[in-house]
Structures are given as C-alpha cells and as structure tokens.
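Each remark here refers to the structure printed beneath this line.
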Amino acid sequence: MSGERGSTTLWILALSLALMMVGGISLDLWRALAAHRELAAVADAAAVAASSAIDTDVYRNDGAVVLDERLARDMALAQIAAEGDVAVALTVPPVVTVDGGVTVNVTLERGFDLTLLALAAPGAGLQIRVEASADANILR
C-alpha cells in the first residue's frame with residue numbers, strides 16, 4: 001500500500017481536467033447555438049423586410065404581386081445593417097436573391113471563436129451559416 005501513495009490525487013486531477021473539457025464543450029456549444037439563433041433572427045427579419053418591396057407599377061397595371069429586386073435587396077441590407085453587432089460580425093457579405101419575382105432568400109454567414117476549447121485547439125472556430133426566405137404577399 002505504501003507504493004500507491006498519491007494515486008488518489010492523480011485520479012482527482014485527471015477527472016477535474018476531463019470535467020473542465022466537458023464543461024468547455026458544453027459552454028462553447030451553447031454559445032454557438034445562441035449565436036446561430038441570433039443570426040437566424042436577423043436573416044428572418046431581413047427576408048420579411050425585403051418581401052414587402054412589391055413593385056407597385058406592376059401591381060397597379062396587372063394586379064400581379066412581383067418584387068422589385070433592387071428595392072428588395074436594399075431593404076434586406078438596410079435591415080441587416082440596422083442590427084449593428086451582427087452586421088459587423090459577418091465574415092461573408094450578405095447574399096440576397098429574388099427567385100421568380102416573389103420569393104426573397106437571405107443567406108448570412110459569420111465566424112465563431114471558441115473559448116475554453118481554444119485552449120486545447122488554438123485557432124479553432126466554427127462557421128455559422130443561416131438561410132431565410134419569405135414570399136411576397138398582399139392581403140386582400
């Protein structure tokens with residue numbers, strides 16, 4: 001028994017390190033999930049804002065609900081820029097497209113730096129990408 005002196009200390013130290021790693025993983029994943037939700041909310045708001053850019057001339061003349069692509073893009077980008085911190089954190093410029101003249105698609109992408117896991121893997125990070133779409137519609 002005298003040769004096992006201090007083995008409990010080593011076990012506790014190893015378990016403490018393992019617990020810290022699991023805690024670091026869970027903390028980073030929860031932070032990444034929160035960042036994803038925030039980015040998705042901004043993309044949704046931008047898509048909804050852009051879907052209200054109805055081409056009024058076409059609607060008045062033909063009664064067709066068609067989006068003005070340039071105005072839709074400008075409205076989506078203005079909504080994204082209004083979010084401040086989220087717009088600054090984007091690693092790729094926002095992509096706003098209009099499909100078929102009635103559907104707006106917004107794609108946002110940003111990087112996410114890890115905190116505690118960065119100690120184990122320096123320079124490691126995640127790339128978060130979200131897409132949102134909205135259709136133009138007029139309530140009658």
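Scheme for the structure tokens: letters A, B, ... for chains in order shown; per-chain residue numbers from 1; ligand numbers from 1 in order shown.
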Test item: residues at most 9 Å from segment 78-94 of chain A, only C-alpha atoms, excluding those fewer than 5 positions along its chain, as a ChimeraX atom specification | /A:38-39,42-43,45-47,49-50,73,106-112,127
Using DSSP on the backbone coordinates, identify the residues of chain A assigned to strand (DSSP E or B); present them as a count of residues only.
-> 34
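Counting only C-alpha atoms, segment 113-124 of chain A has the following residues at most 12 Å away, ignoring those fewer than 2 positions along the same chain: Leu17, Ala18, Met20, Met21, Val22, Gly23, Gly24, Ile25, Ser26, Leu27, Asp28, Leu29, Trp30, Arg31, Ala32, Ala35, Ala89, Arg110, Gly111, Leu126, Gln127 and Ile128 of chain A.
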Selection to disk with N, CA and C atoms, as an mmCIF file, in the first residue's frame:
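Saved as part08.cif:
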data_model
loop_
_atom_site.group_PDB
_atom_site.id
_atom_site.type_symbol
_atom_site.label_atom_id
_atom_site.label_comp_id
_atom_site.auth_asym_id
_atom_site.auth_seq_id
_atom_site.Cartn_x
_atom_site.Cartn_y
_atom_site.Cartn_z
ATOM 1 N N LEU A 17 -9.660 17.623 -14.935
ATOM 2 C CA LEU A 17 -9.354 18.062 -16.302
ATOM 3 C C LEU A 17 -10.414 17.581 -17.287
ATOM 4 N N ALA A 18 -10.854 16.339 -17.128
ATOM 5 C CA ALA A 18 -11.898 15.809 -18.003
ATOM 6 C C ALA A 18 -13.204 16.586 -17.824
ATOM 7 N N MET A 20 -13.481 19.682 -16.854
ATOM 8 C CA MET A 20 -13.296 21.003 -17.457
ATOM 9 C C MET A 20 -13.453 20.946 -18.974
ATOM 10 N N MET A 21 -12.963 19.890 -19.599
ATOM 11 C CA MET A 21 -13.105 19.749 -21.051
ATOM 12 C C MET A 21 -14.571 19.573 -21.443
ATOM 13 N N VAL A 22 -15.307 18.748 -20.700
ATOM 14 C CA VAL A 22 -16.732 18.556 -20.986
ATOM 15 C C VAL A 22 -17.483 19.870 -20.756
ATOM 16 N N GLY A 23 -17.128 20.573 -19.697
ATOM 17 C CA GLY A 23 -17.745 21.879 -19.445
ATOM 18 C C GLY A 23 -17.427 22.867 -20.551
ATOM 19 N N GLY A 24 -16.206 22.845 -21.035
ATOM 20 C CA GLY A 24 -15.816 23.731 -22.128
ATOM 21 C C GLY A 24 -16.569 23.432 -23.402
ATOM 22 N N ILE A 25 -16.739 22.153 -23.692
ATOM 23 C CA ILE A 25 -17.501 21.771 -24.878
ATOM 24 C C ILE A 25 -18.943 22.255 -24.758
ATOM 25 N N SER A 26 -19.557 22.019 -23.614
ATOM 26 C CA SER A 26 -20.961 22.416 -23.443
ATOM 27 C C SER A 26 -21.111 23.934 -23.477
ATOM 28 N N LEU A 27 -20.200 24.658 -22.865
ATOM 29 C CA LEU A 27 -20.267 26.122 -22.882
ATOM 30 C C LEU A 27 -20.130 26.652 -24.302
ATOM 31 N N ASP A 28 -19.159 26.151 -25.042
ATOM 32 C CA ASP A 28 -18.960 26.615 -26.414
ATOM 33 C C ASP A 28 -20.133 26.248 -27.316
ATOM 34 N N LEU A 29 -20.692 25.063 -27.128
ATOM 35 C CA LEU A 29 -21.833 24.674 -27.952
ATOM 36 C C LEU A 29 -23.065 25.522 -27.653
ATOM 37 N N TRP A 30 -23.303 25.841 -26.391
ATOM 38 C CA TRP A 30 -24.438 26.701 -26.050
ATOM 39 C C TRP A 30 -24.249 28.108 -26.600
ATOM 40 N N ARG A 31 -23.027 28.615 -26.532
ATOM 41 C CA ARG A 31 -22.745 29.944 -27.094
ATOM 42 C C ARG A 31 -22.934 29.930 -28.607
ATOM 43 N N ALA A 32 -22.492 28.851 -29.261
ATOM 44 C CA ALA A 32 -22.659 28.734 -30.715
ATOM 45 C C ALA A 32 -24.137 28.651 -31.084
ATOM 46 N N ALA A 35 -25.578 32.121 -30.835
ATOM 47 C CA ALA A 35 -25.139 32.927 -31.976
ATOM 48 C C ALA A 35 -25.903 32.534 -33.240
ATOM 49 N N ALA A 89 -20.152 41.359 -37.428
ATOM 50 C CA ALA A 89 -19.568 40.029 -37.229
ATOM 51 C C ALA A 89 -19.616 39.150 -38.473
ATOM 52 N N ARG A 110 -21.183 33.875 -40.552
ATOM 53 C CA ARG A 110 -20.232 34.512 -39.641
ATOM 54 C C ARG A 110 -19.366 33.461 -38.972
ATOM 55 N N GLY A 111 -18.215 33.904 -38.519
ATOM 56 C CA GLY A 111 -17.325 33.028 -37.783
ATOM 57 C C GLY A 111 -17.657 33.060 -36.305
ATOM 58 N N LEU A 126 -15.731 27.951 -35.426
ATOM 59 C CA LEU A 126 -16.843 27.429 -36.209
ATOM 60 C C LEU A 126 -17.280 28.479 -37.212
ATOM 61 N N GLN A 127 -17.894 28.031 -38.283
ATOM 62 C CA GLN A 127 -18.501 28.931 -39.253
ATOM 63 C C GLN A 127 -20.006 28.688 -39.192
ATOM 64 N N ILE A 128 -20.770 29.736 -38.911
ATOM 65 C CA ILE A 128 -22.220 29.623 -38.787
ATOM 66 C C ILE A 128 -22.846 30.218 -40.040
#
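Minimum atom-to-atom distance to Ala132 of chain A, evaluated using only C-alpha atoms, belongs to A:Val95 out of A:Ser52, A:Leu33, A:Val95, A:Val65.
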Out of segment 85-119 of chain A, which residues get alpha helix (DSSP H) from DSSP, as a PyMOL selection string?
-> chain A and resi 85-89+117-119
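Of the listed residues (A:Asp44, A:Val98, A:Asp68, A:Trp11), A:Asp44 comes nearest to Val130 of chain A; the distances count only C-alpha atoms.
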